[in-house]
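Below: the structure, in structure tokens.
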Amino acid sequence: MSNQNSALAGSQQTGLLSQPGFRYALAILGLVALGSAWVLSIDTRYVYLLVYVWFGVVYGLFLQYGRFCMASAVRDLFAVGVPRMAVGMMIAVALYSLIAAFVTVTGNSTFHPNVLGWHIVIGAAIFGYGIVFTGGCASGSLYKSGEGNVGSMLVVVAISFSQAIFVAASGWFDRLVPSSWVESSIAKDMPEELSVTTGWFDIFTSGHVWDLQGATLADTLGVNNVFVSSFLVNMLLVSLLPVLAVLILLYIVYYRKGHLRRAKIANPTLNDHLKGMWSMFTSSKNTAIAGVFLGIFAGLHMWVTGLLRTHYEIDNFGEMLEAMGHTAGLSMQGTVFDPGYWYITTQEAQWGAWVLEKLNFDMMNNIYFGLENGVPNPLLNAPGFMSIGIILGAAVMALSRREFKWKMPSMEGAVFALVGGTLMGIGARIAMGCNIGAFFATVTNGDPSGWVFLFGMAGGSYLGVKTFNWWINRNVSADDGFDL
Amino acid sequence: MSWLKRIWRGREISIAMQTKFVDLPGLGSVEIMRSVDCLGAACPRPQLLAMQMVEELKDGDVFELYSDNPTSVETIPALVMTLYSTHLATVRGEHGWRIYVRKGLGQ
């Protein structure tokens, strides 16, 4: 029996290697490994950047494996009534929060809470409206780019430039900002080069966001014991209990009736409902497995970066870049964007800004780039490499499963991608992150503002689905035919 | 103007109404009432087409949906479950996957 098995495994192996897709996949992994070895031979400190690269690759592998489309987590609930992805996302949140609690106890957490305010609801709603038209969230567009989807690549481009322009632009719309924000902004006494009173995003940031509070629930409650604050407050109250509540809600609204009818149960007991919940988890195994591993790796990512920061005695990658002699593109404070965990949108904004800077636009006279995140060369942009890693990881998985396919969008699809991507970029900046940075990374680390983001995103998606359906029905009635 | 429409809308989605027989793994020959070809269509259109088919067909009828969008292929089996229908099989084709669904929960 064991002989047979090994013979089978052997034949499968040669079978795999004879597939061109699998060979391409190995080649991509080999190139990433070679590139990693090469930069390490230049300077071992680049290991900090490589951590982003390899975690990006792992995220890409699992996102593609589970077809982990987080946009569909909310969209599919409203559009088609399927809880598959919402369940997968909740699984990921639960595991991330568990690992995050351990990481916090060891003192290696890199997490910074977001401030809480109305801007999160509004930004999230714009973001949620956009994802219905692009067919994927920010991470989804990256993994679908890795599958060869050109429409998703357009989304990435649109997110990059819309953010960069949005945070740097100034004009007549500056006057729409409440005067209290302007006063508060002036009172901050910021360096003149930033010109904080021109550009509404600067006024919004310094005159409004900086005046708001943000904290983990444990800090808000003033819990000092690190075990209690990490496990009981941040993990249990902010993450696990809401996850359980969402899962029960999903079961009751979307799954219970069908499950009972399929199982032919007339008078369900609690046990039947528990079995039903379990069948909801396992109805798409790939998604559930991807959720488990994405949650675990997202937590580990934070831990590894935290360890490296302690080892190199830095708080931000900018310090390391400066020590290596790369000072171009650093912010005024000598920092660059370096969240230390899974994040998507800001590094894409930096790509856009870098290109615009090459075209002679001044991208550093604002708070977002000039004071906080900098505009580093994409070759030295550590989180940027995480995004590239996601594309490559997804390509590896797609190629080895023979799912890679170059797909050109129709004109309609391309317009949807650009308009939707622009809305996503604008929404992500108003809400201070996307469904990863402002939801996934926050609720798992004890910051309740992420649930506010999810609420806003769900509202935006609901309106997006209504608009999308209206558009399709309009087309169908115009043709009086079947084509949807 | 039809060429403009073609560029704008991309590859047309076709729904064949004539029946055919297909051999499905473990089920033998199965009569297919409708065949939807939506290669090239992105989320959520294949899902919406699957919903439309379940709505239009009679209990016990089987339809085929041909898609190259991996996320839709993953979602449709879960989708038809919520519509009290049965996912029969997903067969890998040359350009994508053929998903077979029977309306209703019975045989």
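Chain labels follow the order of the structure tokens: the first chain is A, the next B, and so on; residue numbering restarts at 1 in every chain, and ligands are counted from 1 in their shown order.
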
For a quick test of understanding: name the residues of chain B lying within 10 Å of chain A when counting only C-alpha atoms, and present them as JSON, numbers by chain.
{"B": [4, 5, 6, 7, 8, 9, 10, 11, 12, 13, 14, 15, 38, 39, 40, 41, 42, 43, 44, 45, 46, 47, 48, 49, 50, 51, 52, 68, 69, 70, 71, 72, 73, 74, 75, 76, 77, 78, 79, 80, 81, 82, 83, 84, 85, 86, 95, 96, 104, 105, 106]}

Same residues, N, CA and C atoms, output as a short mmCIF file (atom, residue, chain, number, x, y, z; two decimals), in the first residue's frame:
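Final output, saved to part02.cif:
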```
data_model
loop_
_atom_site.label_atom_id
_atom_site.label_comp_id
_atom_site.auth_asym_id
_atom_site.auth_seq_id
_atom_site.Cartn_x
_atom_site.Cartn_y
_atom_site.Cartn_z
N LEU B 4 -19.22 48.96 -31.74
CA LEU B 4 -18.95 49.78 -30.56
C LEU B 4 -19.46 49.08 -29.31
N LYS B 5 -20.64 48.50 -29.47
CA LYS B 5 -21.26 47.79 -28.37
C LYS B 5 -20.40 46.58 -27.96
N ARG B 6 -19.80 45.94 -29.01
CA ARG B 6 -18.99 44.75 -28.73
C ARG B 6 -17.75 45.14 -27.92
N ILE B 7 -17.12 46.25 -28.30
CA ILE B 7 -15.94 46.70 -27.54
C ILE B 7 -16.35 47.07 -26.12
N TRP B 8 -17.50 47.72 -26.02
CA TRP B 8 -17.94 48.19 -24.71
C TRP B 8 -18.29 47.03 -23.80
N ARG B 9 -19.03 46.07 -24.34
CA ARG B 9 -19.54 45.00 -23.47
C ARG B 9 -18.64 43.79 -23.40
N GLY B 10 -17.71 43.67 -24.33
CA GLY B 10 -16.84 42.50 -24.33
C GLY B 10 -17.53 41.30 -24.92
N ARG B 11 -17.04 40.11 -24.58
CA ARG B 11 -17.58 38.87 -25.12
C ARG B 11 -19.03 38.71 -24.66
N GLU B 12 -19.89 38.40 -25.62
CA GLU B 12 -21.31 38.25 -25.29
C GLU B 12 -21.52 37.02 -24.41
N ILE B 13 -22.45 37.13 -23.50
CA ILE B 13 -22.86 35.97 -22.71
C ILE B 13 -23.97 35.28 -23.48
N SER B 14 -23.84 33.97 -23.70
CA SER B 14 -24.89 33.29 -24.44
C SER B 14 -25.58 32.26 -23.56
N ILE B 15 -26.87 32.14 -23.75
CA ILE B 15 -27.65 31.15 -23.02
C ILE B 15 -28.33 30.26 -24.04
N CYS B 38 -20.51 32.03 -20.00
CA CYS B 38 -20.16 33.40 -19.58
C CYS B 38 -18.66 33.51 -19.37
N LEU B 39 -17.87 32.92 -20.27
CA LEU B 39 -16.42 33.09 -20.21
C LEU B 39 -16.10 34.58 -20.30
N GLY B 40 -15.18 35.02 -19.46
CA GLY B 40 -14.79 36.41 -19.51
C GLY B 40 -15.56 37.30 -18.56
N ALA B 41 -16.72 36.84 -18.09
CA ALA B 41 -17.51 37.67 -17.18
C ALA B 41 -16.92 37.61 -15.77
N ALA B 42 -16.88 38.77 -15.12
CA ALA B 42 -16.29 38.84 -13.77
C ALA B 42 -17.40 38.87 -12.73
N CYS B 43 -17.01 38.73 -11.47
CA CYS B 43 -17.94 38.81 -10.35
C CYS B 43 -18.71 40.12 -10.42
N PRO B 44 -19.95 40.16 -10.04
CA PRO B 44 -20.77 39.02 -9.63
C PRO B 44 -21.67 38.48 -10.75
N ARG B 45 -21.32 38.72 -12.02
CA ARG B 45 -22.25 38.33 -13.10
C ARG B 45 -22.51 36.83 -13.18
N PRO B 46 -21.46 35.97 -13.13
CA PRO B 46 -21.77 34.54 -13.18
C PRO B 46 -22.71 34.11 -12.05
N GLN B 47 -22.52 34.68 -10.86
CA GLN B 47 -23.42 34.35 -9.75
C GLN B 47 -24.86 34.78 -10.07
N LEU B 48 -24.98 35.98 -10.62
CA LEU B 48 -26.32 36.48 -10.94
C LEU B 48 -26.98 35.62 -12.01
N LEU B 49 -26.16 35.15 -12.98
CA LEU B 49 -26.70 34.27 -14.02
C LEU B 49 -27.18 32.96 -13.42
N ALA B 50 -26.40 32.42 -12.47
CA ALA B 50 -26.82 31.17 -11.82
C ALA B 50 -28.15 31.38 -11.10
N MET B 51 -28.30 32.52 -10.45
CA MET B 51 -29.56 32.82 -9.77
C MET B 51 -30.71 32.90 -10.76
N GLN B 52 -30.43 33.55 -11.91
CA GLN B 52 -31.45 33.69 -12.94
C GLN B 52 -31.90 32.32 -13.45
N ASP B 68 -14.81 31.21 -16.45
CA ASP B 68 -13.36 31.14 -16.20
C ASP B 68 -12.98 32.06 -15.04
N ASN B 69 -13.97 32.43 -14.25
CA ASN B 69 -13.70 33.30 -13.11
C ASN B 69 -13.62 32.45 -11.83
N PRO B 70 -12.39 32.19 -11.33
CA PRO B 70 -12.23 31.25 -10.21
C PRO B 70 -13.11 31.57 -9.01
N THR B 71 -13.26 32.87 -8.69
CA THR B 71 -14.03 33.22 -7.51
C THR B 71 -15.50 32.83 -7.67
N SER B 72 -16.03 33.00 -8.88
CA SER B 72 -17.42 32.59 -9.12
C SER B 72 -17.56 31.08 -9.02
N VAL B 73 -16.56 30.38 -9.54
CA VAL B 73 -16.61 28.92 -9.52
C VAL B 73 -16.62 28.42 -8.07
N GLU B 74 -15.94 29.14 -7.21
CA GLU B 74 -15.90 28.78 -5.79
C GLU B 74 -17.24 29.11 -5.11
N THR B 75 -17.86 30.21 -5.55
CA THR B 75 -19.05 30.70 -4.86
C THR B 75 -20.34 29.99 -5.31
N ILE B 76 -20.44 29.61 -6.58
CA ILE B 76 -21.72 29.12 -7.10
C ILE B 76 -22.24 27.87 -6.38
N PRO B 77 -21.38 26.87 -6.05
CA PRO B 77 -21.92 25.75 -5.28
C PRO B 77 -22.54 26.18 -3.95
N ALA B 78 -21.88 27.14 -3.26
CA ALA B 78 -22.45 27.64 -2.01
C ALA B 78 -23.71 28.45 -2.27
N LEU B 79 -23.71 29.15 -3.41
CA LEU B 79 -24.88 29.97 -3.76
C LEU B 79 -26.11 29.11 -4.01
N VAL B 80 -25.97 28.04 -4.81
CA VAL B 80 -27.16 27.27 -5.17
C VAL B 80 -27.71 26.53 -3.94
N MET B 81 -26.84 26.25 -2.97
CA MET B 81 -27.32 25.65 -1.72
C MET B 81 -28.34 26.55 -1.05
N THR B 82 -28.06 27.85 -1.04
CA THR B 82 -28.99 28.78 -0.39
C THR B 82 -30.26 28.95 -1.21
N LEU B 83 -30.23 28.50 -2.47
CA LEU B 83 -31.43 28.59 -3.32
C LEU B 83 -32.15 27.25 -3.36
N TYR B 84 -31.89 26.39 -2.39
CA TYR B 84 -32.52 25.06 -2.30
C TYR B 84 -32.30 24.24 -3.55
N SER B 85 -31.11 24.34 -4.12
CA SER B 85 -30.81 23.57 -5.31
C SER B 85 -29.56 22.73 -5.05
N THR B 86 -29.24 21.85 -6.00
CA THR B 86 -28.18 20.88 -5.78
C THR B 86 -27.05 21.08 -6.77
N HIS B 95 -11.09 26.12 -21.24
CA HIS B 95 -10.93 27.54 -20.95
C HIS B 95 -11.44 27.93 -19.57
N GLY B 96 -12.07 27.00 -18.88
CA GLY B 96 -12.63 27.35 -17.56
C GLY B 96 -13.28 26.14 -16.94
N GLY B 104 -33.73 22.42 -7.19
CA GLY B 104 -34.45 21.63 -6.20
C GLY B 104 -33.51 20.74 -5.40
N LEU B 105 -34.05 20.19 -4.31
CA LEU B 105 -33.22 19.39 -3.42
C LEU B 105 -33.36 17.90 -3.71
N GLY B 106 -34.41 17.48 -4.42
CA GLY B 106 -34.65 16.05 -4.67
C GLY B 106 -33.75 15.52 -5.78
#
```

I'd like the neighbourhood of A:Gly340 as a ChimeraX atom specification, where a residue qualifies if any of its atoms comes within 12 Å (using only C-alpha atoms), though same-chain residues fewer than 4 positions away should be ignored.
/A:48-49,51-52,55,108-112,298-309,314-317,336,344,382-383,386,437,441

Mind dumping the selected residues with N, CA and C atoms as a tab-separated table (two decimals), in the first residue's frame?
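The result, stored in again.tsv:
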```
chain	number	residue	atom	x	y	z
A	48	TYR	N	14.70	42.91	6.85
A	48	TYR	CA	13.50	43.60	7.31
A	48	TYR	C	12.51	43.78	6.15
A	49	LEU	N	13.07	44.13	4.99
A	49	LEU	CA	12.24	44.31	3.79
A	49	LEU	C	11.76	42.95	3.27
A	51	VAL	N	11.05	40.31	4.91
A	51	VAL	CA	9.93	39.78	5.70
A	51	VAL	C	8.61	40.21	5.05
A	52	TYR	N	8.55	41.48	4.62
A	52	TYR	CA	7.35	41.94	3.92
A	52	TYR	C	7.14	41.14	2.63
A	55	PHE	N	6.02	37.41	3.48
A	55	PHE	CA	4.65	37.35	3.99
A	55	PHE	C	3.66	37.72	2.90
A	108	ASN	N	5.88	42.35	21.39
A	108	ASN	CA	6.37	42.58	20.03
A	108	ASN	C	5.31	43.13	19.09
A	109	SER	N	4.22	43.63	19.65
A	109	SER	CA	3.16	44.11	18.77
A	109	SER	C	3.59	45.40	18.09
A	110	THR	N	3.28	45.51	16.80
A	110	THR	CA	3.60	46.72	16.04
A	110	THR	C	2.35	47.55	15.81
A	111	PHE	N	1.26	47.18	16.50
A	111	PHE	CA	-0.04	47.76	16.17
A	111	PHE	C	-0.22	49.20	16.66
A	112	HIS	N	-0.82	50.04	15.82
A	112	HIS	CA	-1.23	51.40	16.21
A	112	HIS	C	-2.73	51.53	15.95
A	298	ALA	N	-1.03	36.44	9.31
A	298	ALA	CA	-1.13	37.88	9.57
A	298	ALA	C	-0.63	38.20	10.97
A	299	GLY	N	-0.95	37.31	11.93
A	299	GLY	CA	-0.46	37.51	13.29
A	299	GLY	C	1.04	37.32	13.38
A	300	LEU	N	1.55	36.27	12.72
A	300	LEU	CA	2.99	36.00	12.76
A	300	LEU	C	3.79	37.13	12.13
A	301	HIS	N	3.23	37.73	11.07
A	301	HIS	CA	3.90	38.83	10.38
A	301	HIS	C	4.24	39.96	11.37
A	302	MET	N	3.23	40.28	12.20
A	302	MET	CA	3.41	41.34	13.18
A	302	MET	C	4.52	40.96	14.17
A	303	TRP	N	4.51	39.69	14.57
A	303	TRP	CA	5.47	39.20	15.55
A	303	TRP	C	6.90	39.28	15.00
A	304	VAL	N	7.09	38.80	13.76
A	304	VAL	CA	8.44	38.77	13.16
A	304	VAL	C	8.96	40.19	13.00
A	305	THR	N	8.09	41.10	12.49
A	305	THR	CA	8.54	42.49	12.32
A	305	THR	C	8.88	43.10	13.66
A	306	GLY	N	8.05	42.80	14.68
A	306	GLY	CA	8.33	43.32	16.03
A	306	GLY	C	9.69	42.85	16.54
A	307	LEU	N	9.98	41.58	16.34
A	307	LEU	CA	11.27	41.03	16.77
A	307	LEU	C	12.43	41.73	16.07
A	308	LEU	N	12.26	41.95	14.75
A	308	LEU	CA	13.34	42.59	13.99
A	308	LEU	C	13.55	44.03	14.45
A	309	ARG	N	12.44	44.70	14.76
A	309	ARG	CA	12.58	46.08	15.23
A	309	ARG	C	13.37	46.12	16.53
A	314	ILE	N	15.08	49.79	16.09
A	314	ILE	CA	14.43	50.85	15.31
A	314	ILE	C	12.92	50.81	15.58
A	315	ASP	N	12.26	51.91	15.27
A	315	ASP	CA	10.80	51.94	15.34
A	315	ASP	C	10.21	52.01	13.94
A	316	ASN	N	11.03	52.32	12.98
A	316	ASN	CA	10.52	52.55	11.64
A	316	ASN	C	11.62	52.25	10.63
A	317	PHE	N	11.23	51.70	9.49
A	317	PHE	CA	12.18	51.30	8.46
A	317	PHE	C	12.99	52.50	7.96
A	336	VAL	N	9.37	56.35	6.89
A	336	VAL	CA	8.61	55.95	5.71
A	336	VAL	C	7.43	55.13	6.22
A	344	ILE	N	-2.40	47.55	2.78
A	344	ILE	CA	-2.39	47.55	1.33
A	344	ILE	C	-2.33	48.95	0.71
A	382	ALA	N	9.33	48.88	1.48
A	382	ALA	CA	9.13	47.56	2.08
A	382	ALA	C	7.68	47.07	1.99
A	383	PRO	N	6.68	47.86	2.45
A	383	PRO	CA	5.30	47.39	2.29
A	383	PRO	C	4.90	47.25	0.82
A	386	MET	N	5.44	43.96	-0.22
A	386	MET	CA	4.41	43.02	0.25
A	386	MET	C	3.31	42.92	-0.81
A	437	GLY	N	-6.28	47.26	6.40
A	437	GLY	CA	-5.67	48.15	7.39
A	437	GLY	C	-6.66	48.72	8.38
A	441	ALA	N	-6.87	44.42	10.41
A	441	ALA	CA	-5.76	44.60	11.35
A	441	ALA	C	-6.21	45.27	12.64
```

Measuring atom to atom with only C-alpha atoms, identify which of B:His87, B:Glu94, B:Val101, B:Gly28 is nearest to B:Val62.
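Among B:His87, B:Glu94, B:Val101, B:Gly28, it is B:Val101 that comes nearest to B:Val62.
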
Long-range neighbours of stretch 214-231 of chain A as a PyMOL selection string, 6 Å cut-off, only C-alpha atoms, 2 positions minimum in chain:
chain A and resi 101+113-116+233-235+446-447

To one decimal place, how far is atom CA of A:Ala100 from atom CA of A:Ser145 in Å?
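Atom CA of A:Ser145 lies 29.0 Å from atom CA of A:Ala100.
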
Any chance you could list, as a ChimeraX atom specification, the residues in chain B that come up helix (DSSP H, G or I) when DSSP is run on the backbone?
/B:2-9,45-56,70-82

Residues as selected, N, CA and C atoms, written as a short mmCIF file (atom, residue, chain, number, x, y, z; two decimals), in the first residue's frame, can you do that?
```cif
data_model
loop_
_atom_site.label_atom_id
_atom_site.label_comp_id
_atom_site.auth_asym_id
_atom_site.auth_seq_id
_atom_site.Cartn_x
_atom_site.Cartn_y
_atom_site.Cartn_z
N SER B 2 -22.94 48.26 -33.74
CA SER B 2 -22.81 47.00 -33.00
C SER B 2 -21.36 46.73 -32.62
N TRP B 3 -20.41 47.20 -33.47
CA TRP B 3 -18.99 46.98 -33.12
C TRP B 3 -18.62 47.76 -31.86
N LEU B 4 -19.22 48.96 -31.74
CA LEU B 4 -18.95 49.78 -30.56
C LEU B 4 -19.46 49.08 -29.31
N LYS B 5 -20.64 48.50 -29.47
CA LYS B 5 -21.26 47.79 -28.37
C LYS B 5 -20.40 46.58 -27.96
N ARG B 6 -19.80 45.94 -29.01
CA ARG B 6 -18.99 44.75 -28.73
C ARG B 6 -17.75 45.14 -27.92
N ILE B 7 -17.12 46.25 -28.30
CA ILE B 7 -15.94 46.70 -27.54
C ILE B 7 -16.35 47.07 -26.12
N TRP B 8 -17.50 47.72 -26.02
CA TRP B 8 -17.94 48.19 -24.71
C TRP B 8 -18.29 47.03 -23.80
N ARG B 9 -19.03 46.07 -24.34
CA ARG B 9 -19.54 45.00 -23.47
C ARG B 9 -18.64 43.79 -23.40
N ARG B 45 -21.32 38.72 -12.02
CA ARG B 45 -22.25 38.33 -13.10
C ARG B 45 -22.51 36.83 -13.18
N PRO B 46 -21.46 35.97 -13.13
CA PRO B 46 -21.77 34.54 -13.18
C PRO B 46 -22.71 34.11 -12.05
N GLN B 47 -22.52 34.68 -10.86
CA GLN B 47 -23.42 34.35 -9.75
C GLN B 47 -24.86 34.78 -10.07
N LEU B 48 -24.98 35.98 -10.62
CA LEU B 48 -26.32 36.48 -10.94
C LEU B 48 -26.98 35.62 -12.01
N LEU B 49 -26.16 35.15 -12.98
CA LEU B 49 -26.70 34.27 -14.02
C LEU B 49 -27.18 32.96 -13.42
N ALA B 50 -26.40 32.42 -12.47
CA ALA B 50 -26.82 31.17 -11.82
C ALA B 50 -28.15 31.38 -11.10
N MET B 51 -28.30 32.52 -10.45
CA MET B 51 -29.56 32.82 -9.77
C MET B 51 -30.71 32.90 -10.76
N GLN B 52 -30.43 33.55 -11.91
CA GLN B 52 -31.45 33.69 -12.94
C GLN B 52 -31.90 32.32 -13.45
N MET B 53 -30.94 31.42 -13.64
CA MET B 53 -31.28 30.08 -14.12
C MET B 53 -32.15 29.34 -13.12
N VAL B 54 -31.76 29.40 -11.84
CA VAL B 54 -32.54 28.70 -10.82
C VAL B 54 -33.97 29.25 -10.81
N GLU B 55 -34.09 30.54 -11.02
CA GLU B 55 -35.40 31.16 -11.02
C GLU B 55 -36.25 30.70 -12.20
N GLU B 56 -35.61 30.57 -13.38
CA GLU B 56 -36.38 30.31 -14.59
C GLU B 56 -36.72 28.85 -14.80
N PRO B 70 -12.39 32.19 -11.33
CA PRO B 70 -12.23 31.25 -10.21
C PRO B 70 -13.11 31.57 -9.01
N THR B 71 -13.26 32.87 -8.69
CA THR B 71 -14.03 33.22 -7.51
C THR B 71 -15.50 32.83 -7.67
N SER B 72 -16.03 33.00 -8.88
CA SER B 72 -17.42 32.59 -9.12
C SER B 72 -17.56 31.08 -9.02
N VAL B 73 -16.56 30.38 -9.54
CA VAL B 73 -16.61 28.92 -9.52
C VAL B 73 -16.62 28.42 -8.07
N GLU B 74 -15.94 29.14 -7.21
CA GLU B 74 -15.90 28.78 -5.79
C GLU B 74 -17.24 29.11 -5.11
N THR B 75 -17.86 30.21 -5.55
CA THR B 75 -19.05 30.70 -4.86
C THR B 75 -20.34 29.99 -5.31
N ILE B 76 -20.44 29.61 -6.58
CA ILE B 76 -21.72 29.12 -7.10
C ILE B 76 -22.24 27.87 -6.38
N PRO B 77 -21.38 26.87 -6.05
CA PRO B 77 -21.92 25.75 -5.28
C PRO B 77 -22.54 26.18 -3.95
N ALA B 78 -21.88 27.14 -3.26
CA ALA B 78 -22.45 27.64 -2.01
C ALA B 78 -23.71 28.45 -2.27
N LEU B 79 -23.71 29.15 -3.41
CA LEU B 79 -24.88 29.97 -3.76
C LEU B 79 -26.11 29.11 -4.01
N VAL B 80 -25.97 28.04 -4.81
CA VAL B 80 -27.16 27.27 -5.17
C VAL B 80 -27.71 26.53 -3.94
N MET B 81 -26.84 26.25 -2.97
CA MET B 81 -27.32 25.65 -1.72
C MET B 81 -28.34 26.55 -1.05
N THR B 82 -28.06 27.85 -1.04
CA THR B 82 -28.99 28.78 -0.39
C THR B 82 -30.26 28.95 -1.21
#
```

So that I can see what lies close to stretch 16-21 of chain B, please list as a short mmCIF file (atom, residue, chain, number, x, y, z; two decimals) with C-alpha atoms, in the first residue's frame the residues with an atom at most 10 Å from it, counting only C-alpha atoms and leaving out residues fewer than 6 positions away in the same chain.
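The result, stored in around-v3.cif:
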```cif
data_model
loop_
_atom_site.label_atom_id
_atom_site.label_comp_id
_atom_site.auth_asym_id
_atom_site.auth_seq_id
_atom_site.Cartn_x
_atom_site.Cartn_y
_atom_site.Cartn_z
CA GLY B 28 -24.03 9.04 -15.75
CA SER B 29 -25.84 10.76 -18.58
CA VAL B 30 -27.73 13.86 -17.47
CA GLU B 31 -30.06 15.98 -19.55
CA ILE B 32 -29.05 19.64 -19.57
CA MET B 33 -31.91 22.09 -20.13
CA ARG B 34 -29.89 25.31 -20.41
CA SER B 35 -26.24 26.05 -21.11
CA VAL B 36 -24.86 29.42 -20.03
CA ASP B 37 -21.53 30.46 -21.52
CA VAL B 62 -30.31 20.84 -14.76
CA PHE B 63 -28.30 23.75 -16.16
CA GLU B 64 -24.68 24.17 -17.10
#
```

Have a look at atom CA of A:Leu356 and atom CA of A:Gln163 and let me know their distance in Å, one decimal.
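Between atom CA of A:Leu356 and atom CA of A:Gln163 the gap is 11.6 Å.
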
Could you pull the residues within 10 Å of B:Ala89, counting only C-alpha atoms, minus those fewer than 3 positions along the same chain, as a PyMOL selection string?
chain B and resi 24-27+64+77+86+92+97-102

Selection from above, C-alpha atoms, as an mmCIF file, in the first residue's frame, can you write it?
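So the final result, stored in again22.cif, reads:
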```
data_model
loop_
_atom_site.group_PDB
_atom_site.id
_atom_site.type_symbol
_atom_site.label_atom_id
_atom_site.label_comp_id
_atom_site.auth_asym_id
_atom_site.auth_seq_id
_atom_site.Cartn_x
_atom_site.Cartn_y
_atom_site.Cartn_z
ATOM 1 C CA LEU B 24 -21.203 13.602 -15.295
ATOM 2 C CA PRO B 25 -18.853 11.767 -12.927
ATOM 3 C CA GLY B 26 -20.863 9.423 -10.691
ATOM 4 C CA LEU B 27 -24.202 10.412 -12.233
ATOM 5 C CA GLU B 64 -24.681 24.173 -17.103
ATOM 6 C CA PRO B 77 -21.917 25.746 -5.280
ATOM 7 C CA THR B 86 -28.185 20.876 -5.781
ATOM 8 C CA ARG B 92 -12.592 21.457 -15.634
ATOM 9 C CA TRP B 97 -15.010 25.288 -15.499
ATOM 10 C CA ARG B 98 -18.418 23.821 -16.358
ATOM 11 C CA ILE B 99 -20.647 23.908 -13.309
ATOM 12 C CA TYR B 100 -23.724 21.640 -13.250
ATOM 13 C CA VAL B 101 -26.651 22.462 -11.004
ATOM 14 C CA ARG B 102 -30.015 20.774 -10.546
#
```
